[in-house]
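Visitor: For reference, the file entry-v6.cif (mmCIF, C-alpha atoms) is included below:
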```cif
data_start
#
loop_
_atom_site.group_PDB
_atom_site.id
_atom_site.type_symbol
_atom_site.label_atom_id
_atom_site.label_comp_id
_atom_site.auth_asym_id
_atom_site.auth_seq_id
_atom_site.Cartn_x
_atom_site.Cartn_y
_atom_site.Cartn_z
ATOM 1 C CA ILE A 70 240.533 220.081 -4.176
ATOM 2 C CA GLN A 71 241.761 219.174 -7.650
ATOM 3 C CA THR A 72 238.453 217.442 -8.401
ATOM 4 C CA ASP A 73 236.550 220.529 -7.261
ATOM 5 C CA ILE A 74 238.581 222.776 -9.579
ATOM 6 C CA ILE A 75 237.960 220.462 -12.523
ATOM 7 C CA THR A 76 234.237 220.395 -11.760
ATOM 8 C CA LYS A 77 233.998 224.193 -11.574
ATOM 9 C CA THR A 78 236.030 224.586 -14.763
ATOM 10 C CA ALA A 79 233.753 222.192 -16.611
ATOM 11 C CA TYR A 80 230.701 224.046 -15.294
ATOM 12 C CA LEU A 81 232.011 227.417 -16.438
ATOM 13 C CA TRP A 82 232.909 225.997 -19.843
ATOM 14 C CA PHE A 83 229.383 224.681 -20.212
ATOM 15 C CA ILE A 84 227.829 228.016 -19.245
ATOM 16 C CA PHE A 85 229.895 230.049 -21.705
ATOM 17 C CA ASN A 86 229.508 227.539 -24.519
ATOM 18 C CA SER A 87 225.855 226.549 -24.091
ATOM 19 C CA ASP A 88 224.764 228.777 -26.960
ATOM 20 C CA MET A 89 227.325 227.147 -29.241
ATOM 21 C CA LEU A 90 226.218 223.670 -28.160
ATOM 22 C CA LEU A 91 222.585 224.589 -28.837
ATOM 23 C CA TYR A 92 223.527 225.969 -32.238
ATOM 24 C CA TYR A 93 225.300 222.807 -33.382
ATOM 25 C CA SER A 94 222.680 220.508 -31.878
ATOM 26 C CA ASN A 95 220.004 222.324 -33.909
ATOM 27 C CA ILE A 96 222.031 221.768 -37.068
ATOM 28 C CA ILE A 97 222.415 218.054 -36.340
ATOM 29 C CA ILE A 98 218.728 217.650 -35.477
ATOM 30 C CA SER A 99 217.674 219.556 -38.621
ATOM 31 C CA PHE A 100 219.918 217.321 -40.747
ATOM 32 C CA TYR A 101 218.333 214.117 -39.478
ATOM 33 C CA ILE A 102 214.835 215.586 -39.733
ATOM 34 C CA THR A 103 215.388 216.307 -43.430
ATOM 35 C CA LEU A 104 216.393 212.657 -43.928
ATOM 36 C CA LEU A 105 213.264 211.361 -42.231
ATOM 37 C CA LEU A 106 210.609 213.822 -43.458
ATOM 38 C CA PRO A 107 209.161 214.059 -46.984
ATOM 39 C CA SER A 108 210.723 216.615 -49.301
ATOM 40 C CA CYS A 109 207.737 218.974 -48.947
ATOM 41 C CA PHE A 110 208.855 219.744 -45.366
ATOM 42 C CA ILE A 111 212.471 220.550 -46.168
ATOM 43 C CA VAL A 112 211.904 224.242 -46.963
ATOM 44 C CA SER A 113 210.283 224.933 -43.587
ATOM 45 C CA THR A 114 213.087 223.047 -41.843
ATOM 46 C CA PHE A 115 215.790 225.206 -43.361
ATOM 47 C CA SER A 116 213.800 228.426 -42.960
ATOM 48 C CA LEU A 117 215.849 228.953 -39.788
ATOM 49 C CA ALA A 118 218.580 230.236 -42.116
ATOM 50 C CA VAL A 119 216.507 233.371 -42.757
ATOM 51 C CA ILE A 120 217.135 235.900 -40.025
ATOM 52 C CA ARG A 121 214.545 238.524 -39.125
ATOM 53 C CA GLN A 122 215.779 242.072 -39.544
ATOM 54 C CA ASP A 123 215.363 244.279 -36.489
ATOM 55 C CA PRO A 124 214.781 248.052 -36.598
ATOM 56 C CA ILE A 125 217.605 250.418 -35.741
ATOM 57 C CA GLY A 126 215.391 252.396 -33.348
ATOM 58 C CA ARG A 127 211.984 252.674 -31.720
ATOM 59 C CA ILE A 128 209.774 255.743 -31.364
ATOM 60 C CA LYS A 129 209.417 256.771 -27.733
ATOM 61 C CA GLY A 130 206.427 258.498 -26.210
ATOM 62 C CA LEU A 131 203.936 256.872 -28.614
ATOM 63 C CA ASP A 132 200.800 255.513 -26.967
ATOM 64 C CA ARG A 133 200.469 252.047 -28.492
ATOM 65 C CA SER A 134 197.442 251.000 -26.437
ATOM 66 C CA LYS A 135 194.053 250.280 -28.029
ATOM 67 C CA LEU A 136 190.445 250.811 -27.009
ATOM 68 C CA GLU A 137 189.797 247.117 -27.652
ATOM 69 C CA PRO A 138 192.842 245.106 -26.573
ATOM 70 C CA THR A 139 191.286 241.733 -27.427
ATOM 71 C CA GLN A 140 192.936 239.312 -29.821
ATOM 72 C CA ASP A 141 193.091 240.644 -33.384
ATOM 73 C CA SER A 142 192.379 237.142 -34.686
ATOM 74 C CA ASN A 143 188.905 237.319 -33.145
ATOM 75 C CA PHE A 144 188.174 240.706 -34.713
ATOM 76 C CA TYR A 145 189.227 239.573 -38.191
ATOM 77 C CA SER A 146 187.838 236.029 -38.012
ATOM 78 C CA GLN A 147 184.990 236.907 -40.386
ATOM 79 C CA PRO A 148 185.803 238.270 -43.864
ATOM 80 C CA LYS A 149 185.079 241.956 -44.421
ATOM 81 C CA LEU A 150 184.470 242.148 -48.158
ATOM 82 C CA VAL A 151 184.279 245.922 -48.366
ATOM 83 C CA THR A 152 186.519 248.719 -49.544
ATOM 84 C CA HIS A 153 187.451 250.738 -46.476
ATOM 85 C CA THR A 154 187.602 254.076 -48.323
ATOM 86 C CA ASP A 155 185.488 255.988 -50.819
ATOM 87 C CA ASP A 156 185.908 255.969 -54.602
ATOM 88 C CA ALA A 157 187.785 259.284 -54.669
ATOM 89 C CA PHE A 158 190.457 257.893 -52.343
ATOM 90 C CA ILE A 159 190.786 254.742 -54.443
ATOM 91 C CA GLN A 160 191.125 256.810 -57.612
ATOM 92 C CA LYS A 161 193.984 258.828 -56.109
ATOM 93 C CA LEU A 162 195.622 255.631 -54.897
ATOM 94 C CA ASN A 163 195.287 254.115 -58.396
ATOM 95 C CA GLU A 164 197.000 257.144 -59.878
ATOM 96 C CA LEU A 165 199.835 256.971 -57.350
ATOM 97 C CA TYR A 166 200.343 253.241 -57.918
ATOM 98 C CA GLN A 167 200.371 253.703 -61.676
ATOM 99 C CA ASP A 168 202.860 256.558 -61.533
ATOM 100 C CA ARG A 169 205.337 255.007 -59.102
ATOM 101 C CA LEU A 170 205.089 251.347 -60.058
ATOM 102 C CA LEU A 171 205.336 251.907 -63.805
ATOM 103 C CA SER A 172 208.305 254.213 -63.241
ATOM 104 C CA LEU A 173 209.850 251.493 -61.127
ATOM 105 C CA LEU A 174 209.321 248.956 -63.895
ATOM 106 C CA LYS A 175 210.861 251.287 -66.453
ATOM 107 C CA ASN A 176 214.034 251.567 -64.411
ATOM 108 C CA LYS A 177 214.158 247.921 -63.366
ATOM 109 C CA ASN A 178 217.173 245.945 -64.481
ATOM 110 C CA ASN A 179 217.860 248.281 -67.395
ATOM 111 C CA ASN A 180 214.519 247.457 -68.978
ATOM 112 C CA THR A 181 215.005 243.698 -69.118
ATOM 113 C CA GLY A 182 211.287 243.216 -69.545
ATOM 114 C CA ASP A 183 210.802 241.398 -66.238
ATOM 115 C CA GLY A 184 207.483 241.992 -64.521
ATOM 116 C CA LEU A 185 207.081 243.425 -61.036
ATOM 117 C CA ILE A 186 206.958 241.231 -57.942
ATOM 118 C CA ILE A 187 204.900 242.997 -55.269
ATOM 119 C CA LEU A 188 203.960 242.306 -51.662
ATOM 120 C CA ASP A 189 200.711 243.816 -50.390
ATOM 121 C CA ILE A 190 200.695 243.728 -46.580
ATOM 122 C CA MET A 191 197.570 244.070 -44.433
ATOM 123 C CA SER A 192 195.679 243.367 -47.623
ATOM 124 C CA SER A 193 192.198 242.026 -48.312
ATOM 125 C CA HIS A 194 190.080 240.827 -51.235
ATOM 126 C CA VAL A 195 191.315 243.760 -53.354
ATOM 127 C CA SER A 196 194.663 245.557 -53.740
ATOM 128 C CA HIS A 197 193.426 248.630 -55.646
ATOM 129 C CA LEU A 198 195.902 248.173 -58.496
ATOM 130 C CA PRO A 199 194.930 249.858 -61.780
ATOM 131 C CA PRO A 200 194.799 247.796 -65.021
ATOM 132 C CA ALA A 201 197.985 249.400 -66.373
ATOM 133 C CA VAL A 202 199.847 248.000 -63.359
ATOM 134 C CA THR A 203 198.183 244.581 -63.189
ATOM 135 C CA ARG A 204 199.269 243.921 -66.777
ATOM 136 C CA VAL A 205 202.945 244.196 -65.802
ATOM 137 C CA ILE A 206 202.853 242.307 -62.501
ATOM 138 C CA LYS A 207 204.731 239.035 -62.493
ATOM 139 C CA ARG A 208 203.338 238.095 -59.092
ATOM 140 C CA LEU A 209 201.393 239.683 -56.258
ATOM 141 C CA ASP A 210 201.819 238.114 -52.821
ATOM 142 C CA VAL A 211 199.333 239.174 -50.169
ATOM 143 C CA HIS A 212 199.440 239.284 -46.390
ATOM 144 C CA GLY A 213 196.503 239.761 -44.065
ATOM 145 C CA MET A 214 194.497 238.380 -41.171
ATOM 146 C CA ASN A 215 191.729 236.570 -43.053
ATOM 147 C CA ALA A 216 192.557 233.804 -45.527
ATOM 148 C CA GLU A 217 189.156 233.951 -47.209
ATOM 149 C CA GLU A 218 189.611 237.611 -48.101
ATOM 150 C CA LEU A 219 193.119 237.044 -49.455
ATOM 151 C CA THR A 220 192.033 234.029 -51.495
ATOM 152 C CA MET A 221 189.504 236.197 -53.332
ATOM 153 C CA ASN A 222 192.041 238.862 -54.350
ATOM 154 C CA PRO A 223 191.807 238.816 -58.187
ATOM 155 C CA VAL A 224 195.353 240.015 -58.934
ATOM 156 C CA ARG A 225 196.804 237.479 -56.553
ATOM 157 C CA LYS A 226 194.742 234.751 -58.203
ATOM 158 C CA SER A 227 195.725 235.734 -61.735
ATOM 159 C CA THR A 228 199.435 235.827 -60.854
ATOM 160 C CA ASN A 229 199.389 232.728 -58.632
ATOM 161 C CA GLY A 230 200.631 234.794 -55.699
ATOM 162 C CA ALA A 231 201.294 233.533 -52.195
ATOM 163 C CA ILE A 232 198.909 233.996 -49.270
ATOM 164 C CA PHE A 233 200.498 234.820 -45.922
ATOM 165 C CA VAL A 234 198.198 234.951 -42.883
ATOM 166 C CA GLN A 235 199.902 236.248 -39.759
ATOM 167 C CA ASN A 236 199.199 238.634 -36.902
ATOM 168 C CA LEU A 237 202.049 241.131 -37.187
ATOM 169 C CA ASN A 238 201.258 242.501 -33.740
ATOM 170 C CA GLU A 239 202.152 239.116 -32.273
ATOM 171 C CA ASN A 240 204.994 238.296 -34.642
ATOM 172 C CA PRO A 241 206.273 241.190 -36.820
ATOM 173 C CA SER A 242 208.209 238.886 -39.123
ATOM 174 C CA PHE A 243 208.038 237.737 -42.739
ATOM 175 C CA VAL A 244 210.544 234.914 -42.329
ATOM 176 C CA ALA A 245 207.907 232.284 -43.138
ATOM 177 C CA LEU A 246 206.982 234.140 -46.320
ATOM 178 C CA SER A 247 210.653 234.268 -47.307
ATOM 179 C CA SER A 248 210.841 230.507 -46.942
ATOM 180 C CA SER A 249 207.759 229.931 -49.092
ATOM 181 C CA ASN A 250 209.503 231.907 -51.830
ATOM 182 C CA ASN A 251 212.595 229.696 -51.493
ATOM 183 C CA GLU A 252 214.635 232.599 -50.132
ATOM 184 C CA GLU A 253 216.409 230.575 -47.478
ATOM 185 C CA ASP A 254 219.366 232.939 -47.669
ATOM 186 C CA GLY A 255 217.144 235.940 -46.913
ATOM 187 C CA SER A 256 218.015 237.686 -50.194
ATOM 188 C CA PRO A 257 215.832 240.640 -51.282
ATOM 189 C CA TYR A 258 212.932 239.611 -53.451
ATOM 190 C CA TYR A 259 210.256 242.263 -53.955
ATOM 191 C CA ASP A 260 210.246 245.297 -56.209
ATOM 192 C CA ALA A 261 207.586 247.039 -54.124
ATOM 193 C CA VAL A 262 205.689 246.710 -50.850
ATOM 194 C CA LEU A 263 202.214 248.202 -50.449
ATOM 195 C CA CYS A 264 200.303 248.954 -47.254
ATOM 196 C CA CYS A 265 196.853 250.458 -47.762
ATOM 197 C CA VAL A 266 194.814 251.771 -44.796
ATOM 198 C CA GLY A 267 196.370 249.362 -42.309
ATOM 199 C CA ILE A 268 199.251 251.255 -40.752
ATOM 200 C CA GLN A 269 197.134 252.556 -37.850
ATOM 201 C CA TYR A 270 196.694 249.036 -36.453
ATOM 202 C CA LEU A 271 200.385 248.101 -36.214
ATOM 203 C CA GLU A 272 201.726 248.087 -32.656
ATOM 204 C CA ASN A 273 205.342 247.633 -33.767
ATOM 205 C CA ALA A 274 205.465 249.296 -37.165
ATOM 206 C CA GLU A 275 209.219 249.866 -36.891
ATOM 207 C CA SER A 276 209.797 246.103 -36.749
ATOM 208 C CA VAL A 277 207.381 245.408 -39.603
ATOM 209 C CA PHE A 278 209.039 247.992 -41.855
ATOM 210 C CA ALA A 279 212.485 246.672 -40.980
ATOM 211 C CA GLU A 280 211.321 243.321 -42.283
ATOM 212 C CA THR A 281 209.787 244.749 -45.464
ATOM 213 C CA CYS A 282 213.080 246.540 -46.060
ATOM 214 C CA ARG A 283 214.847 243.186 -45.859
ATOM 215 C CA LEU A 284 212.475 241.790 -48.477
ATOM 216 C CA LEU A 285 212.796 244.737 -50.853
ATOM 217 C CA LYS A 286 215.376 244.776 -53.603
ATOM 218 C CA PRO A 287 217.778 247.744 -53.490
ATOM 219 C CA GLY A 288 215.960 250.667 -55.081
ATOM 220 C CA GLY A 289 212.587 249.053 -54.401
ATOM 221 C CA ILE A 290 209.809 251.183 -52.960
ATOM 222 C CA ILE A 291 207.259 251.051 -50.174
ATOM 223 C CA ILE A 292 203.933 252.904 -50.410
ATOM 224 C CA VAL A 293 201.943 253.411 -47.201
ATOM 225 C CA SER A 294 198.527 255.021 -47.699
ATOM 226 C CA PHE A 295 195.896 255.982 -45.139
ATOM 227 C CA THR A 296 192.894 258.170 -44.406
ATOM 228 C CA ASN A 297 190.892 259.191 -41.332
ATOM 229 C CA ARG A 298 188.357 256.383 -41.671
ATOM 230 C CA PHE A 299 189.300 253.192 -39.785
ATOM 231 C CA PHE A 300 188.280 250.880 -36.949
ATOM 232 C CA TYR A 301 188.939 253.163 -33.992
ATOM 233 C CA GLN A 302 188.719 250.341 -31.480
ATOM 234 C CA LYS A 303 191.689 248.560 -33.080
ATOM 235 C CA ALA A 304 193.874 251.599 -33.886
ATOM 236 C CA LEU A 305 196.690 252.845 -31.683
ATOM 237 C CA GLN A 306 195.688 255.639 -29.323
ATOM 238 C CA GLY A 307 198.764 257.502 -30.493
ATOM 239 C CA TRP A 308 197.388 257.369 -34.031
ATOM 240 C CA ILE A 309 193.865 258.425 -33.083
ATOM 241 C CA GLU A 310 195.032 261.508 -31.196
ATOM 242 C CA ARG A 311 197.036 262.804 -34.163
ATOM 243 C CA GLY A 312 195.816 264.773 -37.160
ATOM 244 C CA MET A 313 196.567 263.655 -40.711
ATOM 245 C CA ASN A 314 199.726 265.732 -40.971
ATOM 246 C CA GLU A 315 201.088 264.337 -37.714
ATOM 247 C CA ARG A 316 200.184 260.816 -38.835
ATOM 248 C CA ALA A 317 202.155 261.290 -42.039
ATOM 249 C CA ARG A 318 205.164 262.424 -40.031
ATOM 250 C CA LEU A 319 204.710 259.411 -37.757
ATOM 251 C CA VAL A 320 204.875 257.058 -40.746
ATOM 252 C CA LYS A 321 208.087 258.750 -41.873
ATOM 253 C CA ASP A 322 209.446 258.306 -38.354
ATOM 254 C CA TYR A 323 208.492 254.625 -38.475
ATOM 255 C CA LEU A 324 210.489 254.195 -41.672
ATOM 256 C CA ARG A 325 213.445 256.114 -40.278
ATOM 257 C CA ALA A 326 213.444 253.964 -37.138
ATOM 258 C CA ALA A 327 213.177 250.803 -39.231
ATOM 259 C CA GLY A 328 216.369 251.681 -41.089
ATOM 260 C CA GLY A 329 217.392 251.113 -44.679
ATOM 261 C CA TYR A 330 215.001 253.574 -46.353
ATOM 262 C CA GLU A 331 215.656 256.935 -47.966
ATOM 263 C CA CYS A 332 213.850 259.736 -49.798
ATOM 264 C CA ALA A 333 210.621 259.379 -47.792
ATOM 265 C CA GLU A 334 208.003 261.821 -49.070
ATOM 266 C CA ILE A 335 204.427 262.706 -48.148
ATOM 267 C CA ILE A 336 201.917 262.714 -51.005
ATOM 268 C CA GLY A 337 198.289 263.827 -51.160
ATOM 269 C CA ASP A 338 196.110 266.718 -50.048
ATOM 270 C CA GLY A 339 194.663 264.919 -47.023
ATOM 271 C CA THR A 340 196.963 266.731 -44.613
ATOM 272 C CA SER A 341 195.274 270.092 -45.160
ATOM 273 C CA ILE A 342 193.132 271.346 -42.287
ATOM 274 C CA TRP A 343 190.255 272.172 -44.635
ATOM 275 C CA ASN A 344 190.066 268.691 -46.167
ATOM 276 C CA GLN A 345 190.148 267.116 -42.728
ATOM 277 C CA PHE A 346 187.424 269.449 -41.474
ATOM 278 C CA ILE A 347 184.955 268.829 -44.288
ATOM 279 C CA SER A 348 185.565 265.069 -44.171
ATOM 280 C CA ILE A 349 184.558 264.926 -40.512
ATOM 281 C CA GLY A 350 181.177 266.447 -41.261
ATOM 282 C CA GLY A 351 180.604 264.058 -44.138
ATOM 283 C CA ILE A 352 180.676 266.877 -46.691
ATOM 284 C CA GLY A 353 184.019 265.989 -48.221
ATOM 285 C CA GLY A 354 185.434 262.601 -49.070
ATOM 286 C CA ASP A 355 188.088 260.556 -47.330
ATOM 287 C CA PRO A 356 191.348 262.542 -47.100
ATOM 288 C CA PHE A 357 194.124 260.890 -49.099
ATOM 289 C CA VAL A 358 197.675 260.687 -47.738
ATOM 290 C CA ALA A 359 200.517 258.390 -48.706
ATOM 291 C CA VAL A 360 204.145 258.091 -47.671
ATOM 292 C CA VAL A 361 206.529 256.725 -50.280
ATOM 293 C CA ALA A 362 210.116 255.701 -49.556
ATOM 294 C CA ARG A 363 212.858 253.806 -51.319
ATOM 295 C CA LYS A 364 215.238 251.166 -50.089
ATOM 296 C CA LYS A 365 218.803 252.391 -50.175
ATOM 297 C CA GLU A 366 220.901 251.156 -53.061
ATOM 298 C CA ASP A 367 223.868 248.902 -52.413
ATOM 299 C CA LYS A 368 227.168 250.736 -52.584
#
```
Can you give me the file's structure in the form of C-alpha cells?

Guide:
Amino acid sequence: IQTDIITKTAYLWFIFNSDMLLYYSNIIISFYITLLLPSCFIVSTFSLAVIRQDPIGRIKGLDRSKLEPTQDSNFYSQPKLVTHTDDAFIQKLNELYQDRLLSLLKNKNNNTGDGLIILDIMSSHVSHLPPAVTRVIKRLDVHGMNAEELTMNPVRKSTNGAIFVQNLNENPSFVALSSSNNEEDGSPYYDAVLCCVGIQYLENAESVFAETCRLLKPGGIIIVSFTNRFFYQKALQGWIERGMNERARLVKDYLRAAGGYECAEIIGDGTSIWNQFISIGGIGGDPFVAVVARKKEDK
C-alpha cells in the first residue's frame, strides 16, 4: 500500500510539474545548441524569448470564409508587379503619409534628428511613400507573401530594410521579424506600421494588429488604407458584404479588439454613398479610406 501511495504521488507531481520540466529542459537544450552551432544561428535560437502578443478580444458574427479557400501561398507564388489602385488613390495616400509621418518625426524624441523606422505589412514592390518621407526614413522593413516583390521595393533597398515573408493567415505573428532586428526582449521598435489595400485578406486581423501594437513604440502610429478594388476571391465574405463605411468601422473594431491603440479615426471621402456609386460604374476613381490609430503612451 505504501508503495502504491508513493507511485501515485510521484505521478501527480509529474502531471502538475510537466510544464515546468519542459520549460527548463528547453533552456538546457537551447544552451547546448548555442555552444554547438555557429554564431549566425544564435539569434534564432533565443528568439523564443520574444512572446507573441494576443488580442484582448475577437469580433463575433464576422464571416471570415473566402470564395477561394485554397492556400494563399499558391495565389501569391508569382509576383504581381502592379499598383492595386488608381493614381488618385495613391496621391491621397501620399498626402496622408506625408502629413502623419512627418508630424510623427517632428515629435519624435524631442527632435533628436533620428530617422523613422517603419514596417510596411502586406507590402509589395512599392510602398507609396512620397519623396519628403523617404528622405527621413532610417529604415523600411517590408512584409508580404512574395519575396521577389519585396526585394524590388526601392525604399527598402535604399534603407537596407528587412524582408519578412510569412502567411499571416497561418501564423499571425511577427516574432521572427523581432528576432531579425535583435529584439530578443520583445521591446517596441517601429515608429509606424503601414498596411495598404491588404486588410480585406486577413482572417485574424485582431491578432495581427495586436502584434503590430507590440512592435510599435509608444505614441507610434498605424495607418490602414483600403478601397473597393481587390481580389474578391481572397477577401473575407464579411468584408465583401459591407460598404466602405462599414468596412472602416470594422477596421476600427479590429484595432479595438487588438488592444493597445487609441484615437482611431477614419480619413478620406471614400465612405460617401455617391463616391462608392460612381466608382462601381467606372465613372469615378477608387474610393479612398484610411484608418489611423496611435499606440497608447506608457504611463

Visitor: Grab the CA of Val293 (chain A) to CA of Leu263 (chain A) distance for me, in Å with one decimal place.

Guide: 6.1 Å

Visitor: Under the rule that only C-alpha atoms are counted, which of A:Pro356, A:Pro223, A:Pro241, A:Gly288 is the nearest residue to Asn176 (chain A)?

Guide: A:Gly288

Visitor: Could you give me, as JSON lines, every region 223-275 of chain A residue with an atom at most 12 Å from region 204-207 of chain A, plus its closest atom pair and distance in Å to one decimal, counting all atoms listed in the file, rows ordered by chain then number?

Guide:
```
{"residue": "A:Val224", "atom": "CA", "partner": "A:Ile206", "partner_atom": "CA", "distance": 8.6}
{"residue": "A:Arg225", "atom": "CA", "partner": "A:Ile206", "partner_atom": "CA", "distance": 9.8}
{"residue": "A:Lys226", "atom": "CA", "partner": "A:Lys207", "partner_atom": "CA", "distance": 11.7}
{"residue": "A:Ser227", "atom": "CA", "partner": "A:Lys207", "partner_atom": "CA", "distance": 9.6}
{"residue": "A:Thr228", "atom": "CA", "partner": "A:Lys207", "partner_atom": "CA", "distance": 6.4}
{"residue": "A:Asn229", "atom": "CA", "partner": "A:Lys207", "partner_atom": "CA", "distance": 9.1}
{"residue": "A:Gly230", "atom": "CA", "partner": "A:Lys207", "partner_atom": "CA", "distance": 9.0}
{"residue": "A:Tyr259", "atom": "CA", "partner": "A:Lys207", "partner_atom": "CA", "distance": 10.7}
{"residue": "A:Asp260", "atom": "CA", "partner": "A:Ile206", "partner_atom": "CA", "distance": 10.2}
{"residue": "A:Ala261", "atom": "CA", "partner": "A:Ile206", "partner_atom": "CA", "distance": 10.7}
```

Visitor: Have a look at CA of Ile232 (chain A) and CA of Val244 (chain A) and let me know their distance in Å, one decimal.

Guide: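 CA of Ile232 (chain A) sits 13.6 Å away from CA of Val244 (chain A).
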
Visitor: Looking at all atoms listed in the file, which of A:Ile291, A:Cys332, A:Leu246, A:Ala304 is the one that sits closest to Glu272 (chain A)?

Guide: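 Answer, going by the shortest atom-to-atom distance: A:Ala304.
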
Visitor: One number please: CA of Ser294 (chain A) to CA of Cys264 (chain A), in Å, one decimal.

Guide: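 Taking CA of Ser294 (chain A) as the start and CA of Cys264 (chain A) as the end point, the length is 6.3 Å.
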
Visitor: Closest to Val266 (chain A) among A:Ile120, A:Ile190, A:Met221, A:Leu173, using only C-alpha atoms?

Guide: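 For Val266 (chain A), the nearest of the candidates is A:Ile190.
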
Visitor: Using all atoms listed in the file, which of A:Lys175, A:Lys129, A:His194, A:Lys365 sits nearest Tyr323 (chain A)?

Guide: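 Of the candidates, the smallest distance to Tyr323 (chain A) is held by A:Lys129.
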
Visitor: Env of Ala359 (chain A): 8 Å cut, atoms = all atoms listed in the file, seq-sep filter 5 positions within chain, self excluded. Answer as a PyMOL selection string.

Guide: chain A and resi 292-295+317+335-337

Visitor: Restricting the output to C-alpha atoms, write the selected residues as a CSV table (one decimal), keeping the file's coordinate frame.

Guide:
```
chain,number,residue,atom,x,y,z
A,292,ILE,CA,203.9,252.9,-50.4
A,293,VAL,CA,201.9,253.4,-47.2
A,294,SER,CA,198.5,255.0,-47.7
A,295,PHE,CA,195.9,256.0,-45.1
A,317,ALA,CA,202.2,261.3,-42.0
A,335,ILE,CA,204.4,262.7,-48.1
A,336,ILE,CA,201.9,262.7,-51.0
A,337,GLY,CA,198.3,263.8,-51.2
```

Visitor: Go through A:Arg311, A:Gly184, A:Gln140, A:Thr152 one by one, measure the shortest atom-to-atom distance of each to Glu239 (chain A) using all atoms listed in the file, and give the residue with the smallest value.

Guide: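 The answer is A:Gln140, which sits nearest to Glu239 (chain A).
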
Visitor: For the provided coordinates, the residues matched by the PyMOL selection byres ((chain A and resi 157) around 9) should be stated as a PyMOL selection string.

Guide: chain A and resi 154-156+158-162+354-357

Visitor: Now that the selection is made, can you save its residues with C-alpha atoms as a PDB file, in the coordinates of the input?

Guide:
```pdb
ATOM      1  CA  THR A 154     187.602 254.076 -48.323  1.00  0.00           C
ATOM      2  CA  ASP A 155     185.488 255.988 -50.819  1.00  0.00           C
ATOM      3  CA  ASP A 156     185.908 255.969 -54.602  1.00  0.00           C
ATOM      4  CA  PHE A 158     190.457 257.893 -52.343  1.00  0.00           C
ATOM      5  CA  ILE A 159     190.786 254.742 -54.443  1.00  0.00           C
ATOM      6  CA  GLN A 160     191.125 256.810 -57.612  1.00  0.00           C
ATOM      7  CA  LYS A 161     193.984 258.828 -56.109  1.00  0.00           C
ATOM      8  CA  LEU A 162     195.622 255.631 -54.897  1.00  0.00           C
ATOM      9  CA  GLY A 354     185.434 262.601 -49.070  1.00  0.00           C
ATOM     10  CA  ASP A 355     188.088 260.556 -47.330  1.00  0.00           C
ATOM     11  CA  PRO A 356     191.348 262.542 -47.100  1.00  0.00           C
ATOM     12  CA  PHE A 357     194.124 260.890 -49.099  1.00  0.00           C
TER      13      PHE A 357
END
```

Visitor: With all atoms listed in the file as the basis for distance, which of A:Thr340, A:Asn238, A:Gln167, A:Ser142 is at the shortest distance from Asn273 (chain A)?

Guide: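 Using all atoms listed in the file, Asn273 (chain A) sits closest to A:Asn238.
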